[in-house]
Amino acid sequence: MDDPCYFNFQALLRAHEIRIIGVPYTATGPDIEAFERIVLHEKPHLYLTNSVLHNPTGAMVSPQTAFRLLNTASAAGLLIVEDDIFADFETIPSPRLAVMDGLDHVIRVGSFSKTLSASVRCGYISARKDLIDGLIDLQVATSFGGPSPVITEVISDVLEGGSYRKHMLEIQRHLEKSRKIVIHKLEMLGICPWVVPKGGFYLWGRLPDGQDSTQIALRSLDDKIIHAPGNVFSVSQSASSFMRFNVTQCMDEKIFHSLENILTGRR
């Protein structure tokens, strides 16, 4: 899996006693040379990745990286799970592994929980036909009967009614405005974005030299503020100088006052 990556992926895989190997993530996707070495020496069965609006960094895979990634996976018979739940937050479409691969070695996963409501716990999977029956059995077994008919009907009505696209355009504009404000406020504290995302709500902020995100997160609890320190997302525990920010949750001035006091040693 990517390093860094969404922290719950690690917890879920470890619960199933799966050995995790981190692939360093760059501004253009996974470090392809590291990926190729891992595939050659470790012979993994599955690679789990965000190719678009990567969580937590906000980066996007480049066409060149995607091409080499798919060639390596194909040669090794490696299955890729492309977690694409942030797809509709993207303002300008970018490469998708599933599209480039034709679902030969890629399973694409999407969701409406981020775009419609957190209570709409429903998504979709695109995969080879021979994988579908097993995935359906797993879905039914883990959710006690399959998706809610009420929720699926709501999603169907929203998509068919034509309001979804307008809804997403409004969200994209709101997020772009919030992102610019939060980046400016963080930069005034010496916290710079690793990349400036082209959509979504996450920022991967690089802290000033000598600062540890875990220590900042612990001290922020005194102000009743919860931060997401970098090593929570890192398989190799190499992201102590980074912190993930959600721009939709960072509009309260007390967050920046708290960070300023911690960074300047006033508290």
# chains A, B, ... in the order shown; residues from 1 in each chain; ligands from 1
$ select_by_dssp --residues "range 134-264 of chain A" --states "alpha helix (DSSP H)" --output "ChimeraX atom specification"
/A:134-143,149-161,163-188,213-220,253-263
$ closest_residue --among "A:Asn261, A:Asp157, A:Ser234, A:Glu33" --to "Met1 in chain A" --atoms "only C-alpha atoms"
A:Ser234
$ closest_residue --among "A:Leu159, A:Ile171, A:Leu189, A:Leu138" --to "Phe201 in chain A" --atoms "only C-alpha atoms"
A:Ile171
$ residues_around --residues "His184 in chain A" --least-positions-apart "6" --cutoff "12 Å" --atoms "only C-alpha atoms" --output "count of residues only"
13
$ select_by_dssp --residues "range 61-144 of chain A" --states "strand (DSSP E or B)" --output "number ranges by chain"
A: 79-83, 90, 106-111, 123-126
$ write_last_selection --atoms "N, CA, C and O atoms" --output "JSON list (two decimals), in the first residue's frame"
[["chain", "number", "residue", "atom", "x", "y", "z"],
["A", 79, "LEU", "N", -2.75, -7.90, -8.42],
["A", 79, "LEU", "CA", -4.05, -7.24, -8.44],
["A", 79, "LEU", "C", -3.95, -5.88, -7.74],
["A", 79, "LEU", "O", -3.37, -5.77, -6.67],
["A", 80, "ILE", "N", -4.51, -4.84, -8.36],
["A", 80, "ILE", "CA", -4.50, -3.49, -7.81],
["A", 80, "ILE", "C", -5.93, -3.11, -7.40],
["A", 80, "ILE", "O", -6.86, -3.27, -8.18],
["A", 81, "VAL", "N", -6.08, -2.63, -6.17],
["A", 81, "VAL", "CA", -7.37, -2.06, -5.74],
["A", 81, "VAL", "C", -7.22, -0.55, -5.78],
["A", 81, "VAL", "O", -6.43, 0.04, -5.04],
["A", 82, "GLU", "N", -7.96, 0.09, -6.67],
["A", 82, "GLU", "CA", -7.91, 1.53, -6.85],
["A", 82, "GLU", "C", -9.06, 2.16, -6.06],
["A", 82, "GLU", "O", -10.21, 2.11, -6.47],
["A", 83, "ASP", "N", -8.72, 2.71, -4.90],
["A", 83, "ASP", "CA", -9.72, 3.36, -4.06],
["A", 83, "ASP", "C", -9.97, 4.75, -4.65],
["A", 83, "ASP", "O", -9.13, 5.64, -4.55],
["A", 90, "GLU", "N", -12.92, 15.87, -8.03],
["A", 90, "GLU", "CA", -11.91, 16.31, -8.99],
["A", 90, "GLU", "C", -12.54, 17.26, -10.01],
["A", 90, "GLU", "O", -13.58, 16.95, -10.60],
["A", 106, "VAL", "N", -7.10, -4.48, -12.28],
["A", 106, "VAL", "CA", -7.50, -3.41, -11.36],
["A", 106, "VAL", "C", -8.95, -3.59, -10.93],
["A", 106, "VAL", "O", -9.82, -3.89, -11.76],
["A", 107, "ILE", "N", -9.18, -3.44, -9.64],
["A", 107, "ILE", "CA", -10.53, -3.34, -9.07],
["A", 107, "ILE", "C", -10.73, -1.89, -8.65],
["A", 107, "ILE", "O", -9.94, -1.36, -7.89],
["A", 108, "ARG", "N", -11.78, -1.26, -9.15],
["A", 108, "ARG", "CA", -12.05, 0.14, -8.81],
["A", 108, "ARG", "C", -13.19, 0.22, -7.80],
["A", 108, "ARG", "O", -14.24, -0.39, -8.00],
["A", 109, "VAL", "N", -12.97, 0.99, -6.73],
["A", 109, "VAL", "CA", -13.95, 1.14, -5.67],
["A", 109, "VAL", "C", -14.35, 2.61, -5.58],
["A", 109, "VAL", "O", -13.50, 3.50, -5.55],
["A", 110, "GLY", "N", -15.66, 2.87, -5.56],
["A", 110, "GLY", "CA", -16.18, 4.23, -5.41],
["A", 110, "GLY", "C", -17.21, 4.29, -4.31],
["A", 110, "GLY", "O", -17.65, 3.27, -3.79],
["A", 111, "SER", "N", -17.61, 5.51, -3.94],
["A", 111, "SER", "CA", -18.55, 5.67, -2.83],
["A", 111, "SER", "C", -19.30, 6.99, -2.96],
["A", 111, "SER", "O", -18.83, 7.93, -3.60],
["A", 123, "GLY", "N", -21.65, 2.33, -1.90],
["A", 123, "GLY", "CA", -20.70, 2.62, -2.97],
["A", 123, "GLY", "C", -20.85, 1.61, -4.09],
["A", 123, "GLY", "O", -21.90, 1.00, -4.27],
["A", 124, "TYR", "N", -19.77, 1.43, -4.85],
["A", 124, "TYR", "CA", -19.82, 0.52, -5.99],
["A", 124, "TYR", "C", -18.43, -0.04, -6.25],
["A", 124, "TYR", "O", -17.41, 0.54, -5.84],
["A", 125, "ILE", "N", -18.39, -1.17, -6.92],
["A", 125, "ILE", "CA", -17.13, -1.81, -7.30],
["A", 125, "ILE", "C", -17.20, -2.17, -8.77],
["A", 125, "ILE", "O", -18.20, -2.71, -9.25],
["A", 126, "SER", "N", -16.12, -1.87, -9.48],
["A", 126, "SER", "CA", -15.96, -2.31, -10.87],
["A", 126, "SER", "C", -14.80, -3.30, -10.92],
["A", 126, "SER", "O", -13.71, -3.00, -10.43]]
$ residues_around --residues "Ser143 in chain A" --least-positions-apart "6" --cutoff "12 Å" --atoms "only C-alpha atoms" --output "VMD selection string"
chain A and resid 121 to 122 136 to 137
$ atom_distance --atom1 "CA of Glu153 in chain A" --atom2 "CA of Lys129 in chain A"
24.5 Å
$ residues_around --residues "Lys254 in chain A" --least-positions-apart "6" --cutoff "12 Å" --atoms "only C-alpha atoms" --output "ChimeraX atom specification"
/A:185,220,223-225,260-261
$ closest_residue --among "A:Leu78, A:Val39, A:Val235, A:Ile151" --to "Asn8 in chain A" --atoms "only C-alpha atoms"
A:Val235
$ residues_around --residues "Ala239 in chain A" --least-positions-apart "2" --cutoff "12 Å" --atoms "only C-alpha atoms" --output "number ranges by chain"
A: 3-5, 24-25, 56-57, 194, 204-207, 211-214, 228-237, 241-244
$ atom_distance --atom1 "CA of Gly199 in chain A" --atom2 "CA of Thr115 in chain A"
12.6 Å
$ atom_distance --atom1 "CA of Leu175 in chain A" --atom2 "CA of Phe9 in chain A"
25.0 Å
$ residues_around --residues "Lys198 in chain A" --least-positions-apart "2" --cutoff "10 Å" --atoms "only C-alpha atoms" --output "MDAnalysis selection string"
chainID A and resid 52:53 58:60 89:92 172 176 179 195:196 200:201
$ decode --residues "range 125-173 of chain A" --atoms "N, CA and C atoms" --output "JSON list (two decimals), in the first residue's frame"
[["chain", "number", "residue", "atom", "x", "y", "z"],
["A", 125, "ILE", "N", -18.39, -1.17, -6.92],
["A", 125, "ILE", "CA", -17.13, -1.81, -7.30],
["A", 125, "ILE", "C", -17.20, -2.17, -8.77],
["A", 126, "SER", "N", -16.12, -1.87, -9.48],
["A", 126, "SER", "CA", -15.96, -2.31, -10.87],
["A", 126, "SER", "C", -14.80, -3.30, -10.92],
["A", 127, "ALA", "N", -15.06, -4.46, -11.48],
["A", 127, "ALA", "CA", -14.03, -5.50, -11.50],
["A", 127, "ALA", "C", -14.29, -6.49, -12.62],
["A", 128, "ARG", "N", -13.34, -7.38, -12.85],
["A", 128, "ARG", "CA", -13.51, -8.46, -13.81],
["A", 128, "ARG", "C", -14.72, -9.31, -13.43],
["A", 129, "LYS", "N", -15.39, -9.86, -14.40],
["A", 129, "LYS", "CA", -16.59, -10.65, -14.16],
["A", 129, "LYS", "C", -16.32, -11.82, -13.22],
["A", 130, "ASP", "N", -15.16, -12.46, -13.34],
["A", 130, "ASP", "CA", -14.89, -13.65, -12.53],
["A", 130, "ASP", "C", -14.64, -13.31, -11.05],
["A", 131, "LEU", "N", -14.49, -12.02, -10.73],
["A", 131, "LEU", "CA", -14.30, -11.61, -9.34],
["A", 131, "LEU", "C", -15.60, -11.17, -8.68],
["A", 132, "ILE", "N", -16.63, -10.89, -9.46],
["A", 132, "ILE", "CA", -17.84, -10.25, -8.93],
["A", 132, "ILE", "C", -18.59, -11.13, -7.94],
["A", 133, "ASP", "N", -18.79, -12.40, -8.27],
["A", 133, "ASP", "CA", -19.57, -13.27, -7.38],
["A", 133, "ASP", "C", -18.95, -13.35, -5.99],
["A", 134, "GLY", "N", -17.64, -13.50, -5.94],
["A", 134, "GLY", "CA", -16.95, -13.57, -4.65],
["A", 134, "GLY", "C", -17.07, -12.27, -3.87],
["A", 135, "LEU", "N", -17.02, -11.14, -4.57],
["A", 135, "LEU", "CA", -17.15, -9.85, -3.92],
["A", 135, "LEU", "C", -18.57, -9.64, -3.38],
["A", 136, "ILE", "N", -19.56, -10.10, -4.13],
["A", 136, "ILE", "CA", -20.95, -9.99, -3.67],
["A", 136, "ILE", "C", -21.15, -10.84, -2.41],
["A", 137, "ASP", "N", -20.61, -12.06, -2.42],
["A", 137, "ASP", "CA", -20.73, -12.91, -1.24],
["A", 137, "ASP", "C", -20.09, -12.25, -0.02],
["A", 138, "LEU", "N", -18.93, -11.65, -0.22],
["A", 138, "LEU", "CA", -18.24, -10.98, 0.88],
["A", 138, "LEU", "C", -19.05, -9.79, 1.38],
["A", 139, "GLN", "N", -19.63, -9.02, 0.46],
["A", 139, "GLN", "CA", -20.42, -7.85, 0.84],
["A", 139, "GLN", "C", -21.64, -8.25, 1.66],
["A", 140, "VAL", "N", -22.32, -9.29, 1.23],
["A", 140, "VAL", "CA", -23.50, -9.75, 1.94],
["A", 140, "VAL", "C", -23.11, -10.28, 3.32],
["A", 141, "ALA", "N", -22.00, -11.02, 3.39],
["A", 141, "ALA", "CA", -21.57, -11.60, 4.66],
["A", 141, "ALA", "C", -21.15, -10.55, 5.67],
["A", 142, "THR", "N", -20.57, -9.45, 5.20],
["A", 142, "THR", "CA", -20.05, -8.43, 6.13],
["A", 142, "THR", "C", -21.06, -7.36, 6.45],
["A", 143, "SER", "N", -22.16, -7.27, 5.69],
["A", 143, "SER", "CA", -23.16, -6.24, 5.98],
["A", 143, "SER", "C", -24.54, -6.84, 6.26],
["A", 144, "PHE", "N", -24.57, -8.15, 6.48],
["A", 144, "PHE", "CA", -25.81, -8.83, 6.88],
["A", 144, "PHE", "C", -26.97, -8.59, 5.91],
["A", 145, "GLY", "N", -26.73, -8.88, 4.65],
["A", 145, "GLY", "CA", -27.84, -8.86, 3.71],
["A", 145, "GLY", "C", -27.68, -7.95, 2.52],
["A", 146, "GLY", "N", -26.62, -7.17, 2.46],
["A", 146, "GLY", "CA", -26.43, -6.31, 1.31],
["A", 146, "GLY", "C", -26.80, -4.87, 1.59],
["A", 147, "PRO", "N", -26.73, -4.01, 0.58],
["A", 147, "PRO", "CA", -27.00, -2.59, 0.77],
["A", 147, "PRO", "C", -28.45, -2.31, 1.09],
["A", 148, "SER", "N", -28.69, -1.22, 1.80],
["A", 148, "SER", "CA", -30.05, -0.83, 2.16],
["A", 148, "SER", "C", -30.84, -0.45, 0.92],
["A", 149, "PRO", "N", -32.02, -1.04, 0.71],
["A", 149, "PRO", "CA", -32.86, -0.66, -0.44],
["A", 149, "PRO", "C", -33.25, 0.81, -0.40],
["A", 150, "VAL", "N", -33.44, 1.36, 0.80],
["A", 150, "VAL", "CA", -33.81, 2.77, 0.92],
["A", 150, "VAL", "C", -32.68, 3.66, 0.43],
["A", 151, "ILE", "N", -31.46, 3.37, 0.89],
["A", 151, "ILE", "CA", -30.31, 4.19, 0.51],
["A", 151, "ILE", "C", -30.04, 4.09, -0.98],
["A", 152, "THR", "N", -30.09, 2.88, -1.53],
["A", 152, "THR", "CA", -29.83, 2.73, -2.97],
["A", 152, "THR", "C", -30.89, 3.45, -3.80],
["A", 153, "GLU", "N", -32.13, 3.46, -3.31],
["A", 153, "GLU", "CA", -33.19, 4.18, -4.02],
["A", 153, "GLU", "C", -32.95, 5.68, -3.99],
["A", 154, "VAL", "N", -32.49, 6.19, -2.84],
["A", 154, "VAL", "CA", -32.18, 7.62, -2.71],
["A", 154, "VAL", "C", -31.08, 8.01, -3.69],
["A", 155, "ILE", "N", -30.02, 7.21, -3.73],
["A", 155, "ILE", "CA", -28.91, 7.49, -4.65],
["A", 155, "ILE", "C", -29.38, 7.45, -6.09],
["A", 156, "SER", "N", -30.19, 6.45, -6.42],
["A", 156, "SER", "CA", -30.70, 6.33, -7.78],
["A", 156, "SER", "C", -31.51, 7.56, -8.18],
["A", 157, "ASP", "N", -32.36, 8.03, -7.27],
["A", 157, "ASP", "CA", -33.19, 9.21, -7.56],
["A", 157, "ASP", "C", -32.33, 10.46, -7.77],
["A", 158, "VAL", "N", -31.29, 10.62, -6.93],
["A", 158, "VAL", "CA", -30.42, 11.79, -7.05],
["A", 158, "VAL", "C", -29.68, 11.78, -8.38],
["A", 159, "LEU", "N", -29.17, 10.61, -8.77],
["A", 159, "LEU", "CA", -28.41, 10.52, -10.02],
["A", 159, "LEU", "C", -29.31, 10.70, -11.23],
["A", 160, "GLU", "N", -30.48, 10.10, -11.20],
["A", 160, "GLU", "CA", -31.40, 10.20, -12.34],
["A", 160, "GLU", "C", -32.03, 11.59, -12.45],
["A", 161, "GLY", "N", -32.18, 12.27, -11.32],
["A", 161, "GLY", "CA", -32.83, 13.58, -11.33],
["A", 161, "GLY", "C", -31.97, 14.70, -11.88],
["A", 162, "GLY", "N", -30.68, 14.46, -12.03],
["A", 162, "GLY", "CA", -29.79, 15.46, -12.62],
["A", 162, "GLY", "C", -29.26, 16.51, -11.67],
["A", 163, "SER", "N", -29.58, 16.39, -10.37],
["A", 163, "SER", "CA", -29.13, 17.40, -9.41],
["A", 163, "SER", "C", -27.74, 17.12, -8.86],
["A", 164, "TYR", "N", -27.26, 15.91, -9.09],
["A", 164, "TYR", "CA", -25.97, 15.51, -8.50],
["A", 164, "TYR", "C", -24.82, 16.36, -9.05],
["A", 165, "ARG", "N", -24.82, 16.57, -10.34],
["A", 165, "ARG", "CA", -23.73, 17.35, -10.96],
["A", 165, "ARG", "C", -23.69, 18.78, -10.41],
["A", 166, "LYS", "N", -24.85, 19.42, -10.30],
["A", 166, "LYS", "CA", -24.91, 20.77, -9.74],
["A", 166, "LYS", "C", -24.44, 20.77, -8.29],
["A", 167, "HIS", "N", -24.88, 19.77, -7.56],
["A", 167, "HIS", "CA", -24.46, 19.62, -6.15],
["A", 167, "HIS", "C", -22.94, 19.54, -6.03],
["A", 168, "MET", "N", -22.31, 18.74, -6.90],
["A", 168, "MET", "CA", -20.85, 18.58, -6.83],
["A", 168, "MET", "C", -20.12, 19.85, -7.27],
["A", 169, "LEU", "N", -20.65, 20.57, -8.23],
["A", 169, "LEU", "CA", -20.03, 21.83, -8.65],
["A", 169, "LEU", "C", -20.02, 22.84, -7.50],
["A", 170, "GLU", "N", -21.11, 22.89, -6.76],
["A", 170, "GLU", "CA", -21.18, 23.79, -5.61],
["A", 170, "GLU", "C", -20.18, 23.38, -4.53],
["A", 171, "ILE", "N", -20.07, 22.09, -4.28],
["A", 171, "ILE", "CA", -19.11, 21.60, -3.29],
["A", 171, "ILE", "C", -17.68, 21.91, -3.73],
["A", 172, "GLN", "N", -17.39, 21.69, -5.00],
["A", 172, "GLN", "CA", -16.04, 21.96, -5.52],
["A", 172, "GLN", "C", -15.67, 23.43, -5.34],
["A", 173, "ARG", "N", -16.60, 24.33, -5.63],
["A", 173, "ARG", "CA", -16.32, 25.77, -5.47],
["A", 173, "ARG", "C", -16.10, 26.11, -3.99]]
